[in-house]
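One structure is given below, encoded as structure tokens.
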Amino acid sequence: MLLPRIKGPRDLDRLSQEELTQLAAEIRSFLVDAVSKTGGHLGPNLGVVELTIALHRVFESPKDKVLFDTGHQAYVHKLLTGRQDFAGLRTKNGLSGYPSRAESDHDVIENSHASTVLGWADGLAKANEVLGREDHHVAAVIGDGALTGGMAWEALNNIAAAKDRPLVIVVNDNERSYGPTIGGLANHLATLRTTDGYERFLARGKELLERTPVVGKPLFETLHGAKKGLKDFIAPQGMFEDLGLKYIGPIDGHDIEALESALQRAKRFSGPVIVHCLTQKGRGYTPALEHEADRFHAVGVIHPDTGLPVKTAAASWTSVFADEMVKIGHERPDIVGITAAMLHPVGLNKFAEAFPDRIYDVGIAEQHGATSAAGLATGGVHPVFAVYATFLNRAFDQVLMDVALHKCGVTFVLDRAGVTGDDGASHNGMWDMSILQVVPGLRLAAPRDAEQLRAQLREAVEVKDAPTVVRFSKGVVGPAVPAVGRIGGMDVLRAPGAEVTRPDVLLVSVGALAPMCLEIADLLDKQGISTTVVDPRWVKPVDEALAPLADRHRVVVTVEDNGRAGGVGSAVSQALRDAGVDVPLRDFGIPQRFLDHALRKEILAEIGLTAPDIARQVTGLVAKLDGRYDSEPAATVD
């Protein structure tokens, strides 16, 4: 076995080409075995085994900076930099599923959103230039999918402007039809020009560029003219060299020797260079290669031989949304769907199958997607833009200035809201209810169960003069939580007996935390503390009935799966002050810090967002108020 002998990148230097081939096979076997036990990003990592080996043989990490866009394809990088204990992958105290500075000085960028790596690379290359570090290099790996993001093109525009600033950009093109068709000599452009591989590659270039906003079509038309002359270029070479970047490729991304040769040439060049590698996502693992949706981009716990899930998945929030969208689509021909390169993960695949002419995949371009949605709404249809909650952060300006300012009826559906857990800091959807509070006219719903998700999605798409947002959690949808009454637009989930003239606590429950809030009320009841539990349903704007209801209680408590700063608790507190209601308020939510990866329940326990923790603090608050009533008025707790 070769893999256990690799303690760091320089251990690769002693291996022959035959041994490197053996090492690549061992790594693939290791990945399938390890990730099948824990879940994680399998397909992307199987596709970059040889590429990562070549990168670490050519570049001297950590002196040289090897960067990965997004970072979900960095498992091989971890294995080659001394991290081969994958038993706790993506679990508390185990390896992160992304690069992590806390784990290794070989990791530069923490788990990140897509299309950002070229900006990082541009800055690092500039720093090398300013400090005179001529022996330091920067190599940035970016996928063809991430090149659909506007940030990537902004960075390329800046990178290309510095002709003498060294920087190696590795384009990992894992479009599935190209992996097996390009041979070891594919880096020789003359060979490519004389085979039908050129025509296939040109078609791929067209597909990629047509997904690129604004510049895609003109660039394709330019490179399509490459057939005309002896010195014309193949599609990607023409595209990148027109931008002022030297181009090497396309290279067979599974030929280590060819990869090393190309990377060495790029490293020696005194300016920015594109090295275009064609790889096969899921390579070496038949179940991944046969998975049409995404080649096992991310998997749960699976059987390593079959690739089938070990457990049958229960109904998820995403699946409830997916089914309801199809029903609404049948009823309303003006409903269209938008996704940012995540058709299946956000549940719009069923809508796309039912209404293929009413779905738009904008690529990894959330900003463009939001503004395009404003245009769609202005044109007379109602777009539903489904996106992970954490990724809407990237389109805030467009939500504010394009959608809200123009009073466009656009519905944003935020999947993976709140604590998500195992993907780490960048994927927790803990910012949306704070960020969106400042958007005038925007209405925000947080359904507590599947029935409410269906109902509030329908309510959202009825709004024609403002943006609406429906947010829900990751994973399995919980049991139905019935209402026992309604006050204003709020559902009452629990009410004290009629004999209680002034209940102790008004508990404002936000979204999927409703079962926990009812548990809190049970615990408080055992302490003799009477509690009313309400679900506002629409948390923005604050329901007008909330302030007078709060005035009839001794203390108000809010519980939300969102950051405390500027969240629902803050909005409720402000509404009470504006209404002149001087009742103590305590808000419970996520602290404003980046959370380490762990299971959702472990993170909630760590931050004190559990029923026993909250009940204990509320009990203390009520006891404190009882003591003060004998001598002085109670102080407001914000």
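Numbering starts fresh at 1 for the residues of each chain in the structure tokens, the chains themselves are lettered A, B, ... in the order given, and ligands are numbered from 1 as they appear.
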
Contacts of A:Phe86 within 10 Å, only C-alpha atoms, excl. fewer than 4 positions in-chain, as a compact mmCIF listing (two decimals) with N, CA and C atoms, in the first residue's frame:
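Final file, out_29.txt:
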```txt
# COMPACT_ATOMS: atom_id res chain seq x y z
N PHE A 30 -10.10 4.18 -1.31
CA PHE A 30 -10.22 4.78 0.03
C PHE A 30 -11.43 5.70 0.09
N LEU A 31 -11.61 6.54 -0.92
CA LEU A 31 -12.71 7.51 -0.92
C LEU A 31 -14.06 6.82 -0.91
N ASP A 33 -14.80 3.81 0.12
CA ASP A 33 -15.00 3.14 1.40
C ASP A 33 -15.30 4.14 2.52
N ALA A 34 -14.52 5.22 2.58
CA ALA A 34 -14.66 6.18 3.68
C ALA A 34 -15.94 6.99 3.57
N VAL A 35 -16.20 7.55 2.40
CA VAL A 35 -17.34 8.45 2.24
C VAL A 35 -18.66 7.68 2.29
N LYS A 37 -19.38 5.52 4.36
CA LYS A 37 -19.69 5.36 5.78
C LYS A 37 -20.20 6.65 6.42
N THR A 38 -19.74 7.80 5.94
CA THR A 38 -20.05 9.08 6.59
C THR A 38 -20.95 9.98 5.77
N TYR A 75 -10.92 16.50 -0.84
CA TYR A 75 -10.62 15.31 -0.04
C TYR A 75 -9.27 14.70 -0.43
N LYS A 78 -6.54 16.62 1.06
CA LYS A 78 -6.37 16.29 2.48
C LYS A 78 -5.53 15.02 2.65
N LEU A 79 -5.85 14.01 1.83
CA LEU A 79 -5.11 12.74 1.93
C LEU A 79 -3.62 12.93 1.66
N ARG A 90 -16.82 15.31 8.47
CA ARG A 90 -18.00 16.18 8.58
C ARG A 90 -18.78 15.98 9.87
N THR A 91 -18.13 15.39 10.87
CA THR A 91 -18.76 15.26 12.18
C THR A 91 -17.95 16.04 13.20
N GLY A 94 -14.15 15.90 13.89
CA GLY A 94 -13.54 15.17 12.77
C GLY A 94 -13.13 16.14 11.68
N LEU A 95 -12.71 15.57 10.55
CA LEU A 95 -12.28 16.40 9.42
C LEU A 95 -13.46 17.18 8.85
N SER A 96 -13.19 18.41 8.48
CA SER A 96 -14.17 19.20 7.76
C SER A 96 -14.35 18.64 6.36
N GLY A 97 -15.52 18.83 5.79
CA GLY A 97 -15.75 18.41 4.42
C GLY A 97 -15.17 19.38 3.41
```

Spatial neighbours of stretch 115-123 of chain A, max dist 10 Å, only C-alpha atoms, sep filter under 4 positions, as a ChimeraX atom specification: /A:65-71,108-109,127-129,137-156,158-160,162,165-169,272,364-365

Could you take the residues named above and write them with N, CA and C atoms, as a compact mmCIF listing (two decimals), in the first residue's frame?
```
# COMPACT_ATOMS: atom_id res chain seq x y z
N LYS A 65 0.77 28.36 -3.00
CA LYS A 65 -0.62 28.28 -2.56
C LYS A 65 -1.46 27.52 -3.60
N VAL A 66 -1.99 26.38 -3.18
CA VAL A 66 -2.87 25.58 -4.03
C VAL A 66 -4.30 25.79 -3.51
N LEU A 67 -5.15 26.38 -4.34
CA LEU A 67 -6.47 26.80 -3.92
C LEU A 67 -7.55 26.01 -4.66
N PHE A 68 -8.65 25.74 -3.97
CA PHE A 68 -9.76 25.01 -4.57
C PHE A 68 -11.03 25.84 -4.47
N ASP A 69 -11.66 26.11 -5.62
CA ASP A 69 -12.91 26.85 -5.59
C ASP A 69 -13.98 26.00 -4.90
N THR A 70 -14.74 26.61 -4.02
CA THR A 70 -15.77 25.96 -3.20
C THR A 70 -15.15 25.01 -2.19
N GLY A 71 -14.30 24.09 -2.62
CA GLY A 71 -13.58 23.24 -1.69
C GLY A 71 -14.16 21.87 -1.49
N VAL A 108 -5.76 27.07 2.44
CA VAL A 108 -5.73 28.53 2.38
C VAL A 108 -7.12 29.11 2.53
N ILE A 109 -8.07 28.60 1.74
CA ILE A 109 -9.44 29.10 1.78
C ILE A 109 -10.29 28.15 2.58
N ALA A 127 0.05 39.97 -3.77
CA ALA A 127 0.86 40.04 -2.55
C ALA A 127 2.27 39.52 -2.80
N ASN A 128 2.40 38.43 -3.57
CA ASN A 128 3.73 37.92 -3.92
C ASN A 128 4.52 38.98 -4.67
N GLU A 129 3.86 39.69 -5.56
CA GLU A 129 4.52 40.72 -6.35
C GLU A 129 4.98 41.88 -5.47
N HIS A 137 4.43 30.61 -5.78
CA HIS A 137 3.48 30.48 -6.88
C HIS A 137 2.07 30.31 -6.34
N VAL A 138 1.12 30.60 -7.20
CA VAL A 138 -0.29 30.45 -6.85
C VAL A 138 -0.96 29.61 -7.93
N ALA A 139 -1.65 28.55 -7.53
CA ALA A 139 -2.40 27.70 -8.46
C ALA A 139 -3.83 27.60 -7.96
N ALA A 140 -4.77 28.01 -8.79
CA ALA A 140 -6.17 28.02 -8.40
C ALA A 140 -6.96 27.04 -9.26
N VAL A 141 -7.68 26.13 -8.62
CA VAL A 141 -8.50 25.14 -9.33
C VAL A 141 -9.95 25.60 -9.32
N ILE A 142 -10.54 25.74 -10.50
CA ILE A 142 -11.93 26.16 -10.61
C ILE A 142 -12.65 25.27 -11.60
N GLY A 143 -13.87 24.87 -11.28
CA GLY A 143 -14.64 24.01 -12.16
C GLY A 143 -15.32 24.78 -13.27
N ASP A 144 -15.67 24.06 -14.33
CA ASP A 144 -16.37 24.73 -15.43
C ASP A 144 -17.70 25.29 -14.98
N GLY A 145 -18.35 24.63 -14.00
CA GLY A 145 -19.60 25.15 -13.48
C GLY A 145 -19.41 26.47 -12.76
N ALA A 146 -18.33 26.58 -11.99
CA ALA A 146 -18.09 27.82 -11.26
C ALA A 146 -17.76 28.98 -12.19
N LEU A 147 -17.33 28.66 -13.40
CA LEU A 147 -17.05 29.73 -14.36
C LEU A 147 -18.32 30.41 -14.86
N THR A 148 -19.49 29.86 -14.50
CA THR A 148 -20.73 30.56 -14.85
C THR A 148 -21.02 31.69 -13.89
N GLY A 149 -20.27 31.78 -12.80
CA GLY A 149 -20.48 32.84 -11.81
C GLY A 149 -19.82 34.14 -12.23
N GLY A 150 -20.51 35.23 -12.02
CA GLY A 150 -20.00 36.54 -12.42
C GLY A 150 -18.69 36.90 -11.75
N MET A 151 -18.50 36.51 -10.49
CA MET A 151 -17.26 36.84 -9.80
C MET A 151 -16.04 36.28 -10.51
N ALA A 152 -16.19 35.09 -11.10
CA ALA A 152 -15.06 34.48 -11.80
C ALA A 152 -14.63 35.35 -12.97
N TRP A 153 -15.61 35.90 -13.71
CA TRP A 153 -15.27 36.72 -14.87
C TRP A 153 -14.74 38.09 -14.45
N GLU A 154 -15.21 38.61 -13.34
CA GLU A 154 -14.64 39.85 -12.82
C GLU A 154 -13.17 39.65 -12.47
N ALA A 155 -12.88 38.51 -11.84
CA ALA A 155 -11.49 38.22 -11.48
C ALA A 155 -10.63 38.01 -12.72
N LEU A 156 -11.14 37.27 -13.71
CA LEU A 156 -10.37 37.05 -14.94
C LEU A 156 -10.04 38.37 -15.62
N ASN A 158 -9.41 41.17 -14.21
CA ASN A 158 -8.29 41.77 -13.49
C ASN A 158 -7.00 40.98 -13.68
N ILE A 159 -7.12 39.66 -13.63
CA ILE A 159 -5.94 38.81 -13.78
C ILE A 159 -5.29 39.02 -15.14
N ALA A 160 -6.12 39.10 -16.18
CA ALA A 160 -5.59 39.24 -17.54
C ALA A 160 -4.90 40.57 -17.76
N ALA A 162 -2.71 41.95 -15.93
CA ALA A 162 -1.32 41.92 -15.47
C ALA A 162 -0.57 40.84 -16.24
N ARG A 165 2.40 39.01 -14.20
CA ARG A 165 2.19 38.54 -12.83
C ARG A 165 1.86 37.05 -12.87
N PRO A 166 2.74 36.18 -12.41
CA PRO A 166 2.52 34.73 -12.52
C PRO A 166 1.30 34.27 -11.73
N LEU A 167 0.52 33.43 -12.38
CA LEU A 167 -0.66 32.85 -11.74
C LEU A 167 -1.14 31.70 -12.62
N VAL A 168 -1.35 30.55 -12.02
CA VAL A 168 -1.81 29.38 -12.77
C VAL A 168 -3.27 29.12 -12.40
N ILE A 169 -4.12 29.10 -13.42
CA ILE A 169 -5.55 28.81 -13.23
C ILE A 169 -5.82 27.46 -13.86
N PRO A 272 -0.07 35.13 -16.26
CA PRO A 272 -1.21 34.26 -15.98
C PRO A 272 -1.43 33.22 -17.09
N ILE A 364 -24.22 29.34 -11.59
CA ILE A 364 -23.86 29.80 -10.24
C ILE A 364 -23.82 31.32 -10.27
N ALA A 365 -25.01 31.91 -10.35
CA ALA A 365 -25.12 33.35 -10.56
C ALA A 365 -26.37 33.87 -9.85
```

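Distances from A:Thr312, A:Thr558, A:Thr411, A:Thr21 to A:Gly300 were compared using only C-alpha atoms, and the smallest one belongs to A:Thr312.
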
Would you mind listing, for every residue of stretch 436-474 of chain A within 12 Å of stretch 389-400 of chain A, the two atoms forming the shortest contact and the distance between them in Å to one decimal, using only C-alpha atoms, sorted by chain and ascending residue number, as a tab-separated table?
```
residue	atom	partner	partner_atom	distance
A:Leu436	CA	A:Phe396	CA	8.1
A:Gln437	CA	A:Leu400	CA	10.7
A:Val438	CA	A:Leu400	CA	8.7
A:Val439	CA	A:Leu400	CA	5.8
A:Pro440	CA	A:Leu400	CA	7.9
A:Gly441	CA	A:Leu400	CA	9.8
A:Leu442	CA	A:Leu400	CA	9.0
A:Ala466	CA	A:Val399	CA	10.4
A:Pro467	CA	A:Val399	CA	7.9
A:Thr468	CA	A:Val399	CA	10.3
A:Val469	CA	A:Ala389	CA	10.3
A:Val470	CA	A:Ala389	CA	10.0
A:Arg471	CA	A:Ala389	CA	7.5
A:Phe472	CA	A:Ala389	CA	8.7
A:Ser473	CA	A:Ala389	CA	9.2
A:Lys474	CA	A:Ala389	CA	10.1
```

Residues near stretch 102-107 of chain A, cut-off 7 Å, only C-alpha atoms, skip fewer than 3 positions along chain, as a list in words: Ser61, Pro62 and Pro99 of chain A

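Atom to atom, atom CA of A:Thr532 and atom CA of A:Pro503 stand 7.1 Å apart.
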
Selection near A:Val320, 8 Å with only C-alpha atoms, sequence-local residues under 5 positions removed, as number ranges by chain: A: 315, 450, 453-454

As a CSV table (one decimal) with N, CA and C atoms, in the first residue's frame, please: every residue in stretch 265-365 of chain A that DSSP puts in strand (DSSP E or B).
```csv
chain,number,residue,atom,x,y,z
A,272,PRO,N,-0.1,35.1,-16.3
A,272,PRO,CA,-1.2,34.3,-16.0
A,272,PRO,C,-1.4,33.2,-17.1
A,273,VAL,N,-1.7,32.0,-16.7
A,273,VAL,CA,-1.9,30.9,-17.6
A,273,VAL,C,-3.1,30.1,-17.2
A,274,ILE,N,-3.9,29.7,-18.2
A,274,ILE,CA,-5.0,28.8,-18.1
A,274,ILE,C,-4.5,27.4,-18.4
A,275,VAL,N,-4.7,26.4,-17.5
A,275,VAL,CA,-4.5,25.0,-17.8
A,275,VAL,C,-5.8,24.3,-17.8
A,276,HIS,N,-6.3,23.9,-19.0
A,276,HIS,CA,-7.6,23.3,-19.1
A,276,HIS,C,-7.6,21.8,-19.0
A,277,CYS,N,-8.2,21.2,-18.0
A,277,CYS,CA,-8.2,19.8,-17.8
A,277,CYS,C,-9.6,19.2,-17.9
A,278,LEU,N,-9.6,18.1,-18.7
A,278,LEU,CA,-10.9,17.4,-18.9
A,278,LEU,C,-10.9,16.2,-17.9
A,299,VAL,N,-23.4,12.6,-1.3
A,299,VAL,CA,-24.2,11.4,-0.9
A,299,VAL,C,-24.3,11.4,0.6
A,302,ILE,N,-24.1,5.3,2.2
A,302,ILE,CA,-24.5,4.4,1.2
A,302,ILE,C,-23.8,3.1,1.3
A,309,PRO,N,-28.7,4.1,-0.8
A,309,PRO,CA,-28.7,4.6,0.6
A,309,PRO,C,-28.9,3.4,1.5
A,316,SER,N,-38.7,15.1,3.2
A,316,SER,CA,-38.0,16.2,3.6
A,316,SER,C,-38.7,17.5,3.3
A,335,ILE,N,-46.6,30.9,-13.3
A,335,ILE,CA,-45.6,30.5,-12.3
A,335,ILE,C,-44.4,29.9,-13.1
A,336,VAL,N,-43.2,30.5,-12.8
A,336,VAL,CA,-42.0,29.9,-13.4
A,336,VAL,C,-41.0,29.7,-12.3
A,337,GLY,N,-40.0,28.8,-12.5
A,337,GLY,CA,-39.0,28.5,-11.5
A,337,GLY,C,-37.7,28.9,-11.9
A,338,ILE,N,-36.8,29.3,-11.0
A,338,ILE,CA,-35.4,29.7,-11.2
A,338,ILE,C,-34.6,29.0,-10.2
A,339,THR,N,-33.4,28.5,-10.7
A,339,THR,CA,-32.4,27.8,-9.9
A,339,THR,C,-31.1,28.3,-10.3
A,359,ILE,N,-38.8,26.8,-16.6
A,359,ILE,CA,-37.7,26.6,-15.6
A,359,ILE,C,-36.5,27.3,-16.2
A,360,TYR,N,-35.7,28.0,-15.4
A,360,TYR,CA,-34.5,28.7,-15.8
A,360,TYR,C,-33.4,28.4,-14.8
A,361,ASP,N,-32.3,27.8,-15.4
A,361,ASP,CA,-31.1,27.6,-14.6
A,361,ASP,C,-30.1,28.6,-15.0
```

Secondary structure check, helix (DSSP H, G or I) residues of stretch 25-76 of chain A, as a ChimeraX atom specification: /A:25-38,43-46,49-58,75-76

6 Å contact set for A:Asn174, only C-alpha atoms, chain neighbours under 2 positions out, as a list in words: Arg176, Leu278, Thr279, Gln280 and Lys281 of chain A

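When only C-alpha atoms are used to measure the gap to A:Val419, the shortest distance among A:Leu506, A:Ala521, A:Leu599, A:Val557 belongs to A:Leu599.
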
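Of the listed residues A:Asp423, A:Asp242, A:Glu544, A:Asp135, the one whose atoms come nearest to A:Phe594 is A:Asp423, with distances taken using only C-alpha atoms.
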
Residue contacts of stretch 321-323 of chain A (12 Å, only C-alpha atoms) excluding same-chain residues fewer than 4 positions away, as a PyMOL selection string: chain A and resi 315-317+327-330+337+343-354+384+386+413-415+447+449-458+470-473+477

With N, CA and C atoms retained, could you export that selection as a CSV table (one decimal), in the first residue's frame?
```csv
chain,number,residue,atom,x,y,z
A,315,ALA,N,-39.7,11.9,4.3
A,315,ALA,CA,-40.1,13.1,3.6
A,315,ALA,C,-39.3,14.3,4.1
A,316,SER,N,-38.7,15.1,3.2
A,316,SER,CA,-38.0,16.2,3.6
A,316,SER,C,-38.7,17.5,3.3
A,317,TRP,N,-38.3,18.6,3.8
A,317,TRP,CA,-38.8,19.9,3.6
A,317,TRP,C,-38.8,20.2,2.0
A,327,LYS,N,-48.0,21.3,-8.2
A,327,LYS,CA,-49.5,21.5,-8.1
A,327,LYS,C,-49.8,23.0,-8.4
A,328,ILE,N,-49.0,23.9,-7.9
A,328,ILE,CA,-49.3,25.3,-8.2
A,328,ILE,C,-49.0,25.6,-9.7
A,329,GLY,N,-48.0,24.9,-10.2
A,329,GLY,CA,-47.7,25.1,-11.7
A,329,GLY,C,-48.9,24.7,-12.6
A,330,HIS,N,-49.6,23.6,-12.2
A,330,HIS,CA,-50.7,23.2,-13.0
A,330,HIS,C,-51.9,24.2,-12.9
A,337,GLY,N,-40.0,28.8,-12.5
A,337,GLY,CA,-39.0,28.5,-11.5
A,337,GLY,C,-37.7,28.9,-11.9
A,343,LEU,N,-30.8,22.5,-9.5
A,343,LEU,CA,-32.1,22.0,-9.8
A,343,LEU,C,-32.6,20.9,-8.9
A,344,HIS,N,-31.8,19.9,-8.7
A,344,HIS,CA,-32.2,18.8,-7.9
A,344,HIS,C,-32.1,19.1,-6.4
A,345,PRO,N,-31.0,19.7,-5.9
A,345,PRO,CA,-30.9,20.0,-4.5
A,345,PRO,C,-32.1,20.8,-3.9
A,346,VAL,N,-32.5,21.8,-4.7
A,346,VAL,CA,-33.6,22.7,-4.2
A,346,VAL,C,-35.0,22.2,-4.5
A,347,GLY,N,-35.1,21.1,-5.2
A,347,GLY,CA,-36.4,20.5,-5.4
A,347,GLY,C,-37.2,21.0,-6.6
A,348,LEU,N,-36.5,21.7,-7.5
A,348,LEU,CA,-37.2,22.2,-8.7
A,348,LEU,C,-37.2,21.2,-9.9
A,349,ASN,N,-36.6,20.0,-9.7
A,349,ASN,CA,-36.5,19.1,-10.8
A,349,ASN,C,-37.8,18.5,-11.2
A,350,LYS,N,-38.7,18.4,-10.2
A,350,LYS,CA,-40.1,17.9,-10.6
A,350,LYS,C,-40.8,18.9,-11.4
A,351,PHE,N,-40.7,20.2,-11.0
A,351,PHE,CA,-41.3,21.3,-11.7
A,351,PHE,C,-40.8,21.3,-13.1
A,352,ALA,N,-39.5,21.1,-13.3
A,352,ALA,CA,-38.8,21.2,-14.6
A,352,ALA,C,-39.3,20.0,-15.5
A,353,GLU,N,-39.5,18.9,-14.9
A,353,GLU,CA,-40.1,17.8,-15.7
A,353,GLU,C,-41.5,18.0,-16.1
A,354,ALA,N,-42.3,18.7,-15.3
A,354,ALA,CA,-43.7,18.9,-15.6
A,354,ALA,C,-43.8,20.1,-16.6
A,384,VAL,N,-40.5,31.9,-9.0
A,384,VAL,CA,-40.1,31.4,-7.7
A,384,VAL,C,-38.7,31.0,-7.8
A,386,ALA,N,-35.7,29.4,-6.1
A,386,ALA,CA,-35.4,28.5,-5.0
A,386,ALA,C,-33.9,28.4,-4.9
A,413,VAL,N,-37.6,31.1,-2.3
A,413,VAL,CA,-37.7,30.0,-1.4
A,413,VAL,C,-36.3,29.6,-0.9
A,414,LEU,N,-36.2,29.7,0.4
A,414,LEU,CA,-34.8,29.4,1.0
A,414,LEU,C,-34.8,28.1,1.6
A,415,ASP,N,-34.1,27.2,1.0
A,415,ASP,CA,-33.8,25.8,1.5
A,415,ASP,C,-32.6,25.9,2.5
A,447,PRO,N,-42.5,28.6,7.8
A,447,PRO,CA,-43.4,27.5,8.1
A,447,PRO,C,-42.9,26.6,9.2
A,449,ASP,N,-44.4,23.4,9.7
A,449,ASP,CA,-44.6,22.0,9.3
A,449,ASP,C,-44.9,22.0,7.8
A,450,ALA,N,-45.1,20.8,7.3
A,450,ALA,CA,-45.4,20.6,5.9
A,450,ALA,C,-46.7,21.3,5.5
A,451,GLU,N,-47.7,21.2,6.3
A,451,GLU,CA,-49.0,21.9,5.9
A,451,GLU,C,-48.8,23.4,5.8
A,452,GLN,N,-48.1,23.9,6.7
A,452,GLN,CA,-47.8,25.4,6.7
A,452,GLN,C,-46.9,25.8,5.5
A,453,LEU,N,-46.0,24.9,5.1
A,453,LEU,CA,-45.1,25.2,4.0
A,453,LEU,C,-46.0,25.3,2.7
A,454,ARG,N,-46.9,24.3,2.6
A,454,ARG,CA,-47.8,24.4,1.4
A,454,ARG,C,-48.7,25.6,1.4
A,455,ALA,N,-49.2,25.9,2.6
A,455,ALA,CA,-50.1,27.1,2.7
A,455,ALA,C,-49.4,28.4,2.4
A,456,GLN,N,-48.2,28.5,3.1
A,456,GLN,CA,-47.5,29.8,3.0
A,456,GLN,C,-46.9,30.0,1.6
A,457,LEU,N,-46.5,28.9,1.0
A,457,LEU,CA,-46.0,29.1,-0.4
A,457,LEU,C,-47.1,29.6,-1.3
A,458,ARG,N,-48.3,29.1,-1.1
A,458,ARG,CA,-49.4,29.6,-1.9
A,458,ARG,C,-49.8,31.1,-1.6
A,470,VAL,N,-40.0,32.4,1.6
A,470,VAL,CA,-40.5,31.3,2.4
A,470,VAL,C,-39.2,30.5,2.7
A,471,ARG,N,-38.9,30.3,4.0
A,471,ARG,CA,-37.7,29.7,4.4
A,471,ARG,C,-38.0,28.4,5.2
A,472,PHE,N,-37.2,27.4,5.0
A,472,PHE,CA,-37.4,26.1,5.8
A,472,PHE,C,-36.1,25.4,6.0
A,473,SER,N,-36.1,24.4,6.8
A,473,SER,CA,-34.9,23.8,7.3
A,473,SER,C,-34.4,22.7,6.4
A,477,VAL,N,-38.9,16.7,7.4
A,477,VAL,CA,-39.9,17.6,7.9
A,477,VAL,C,-40.5,16.9,9.1
```
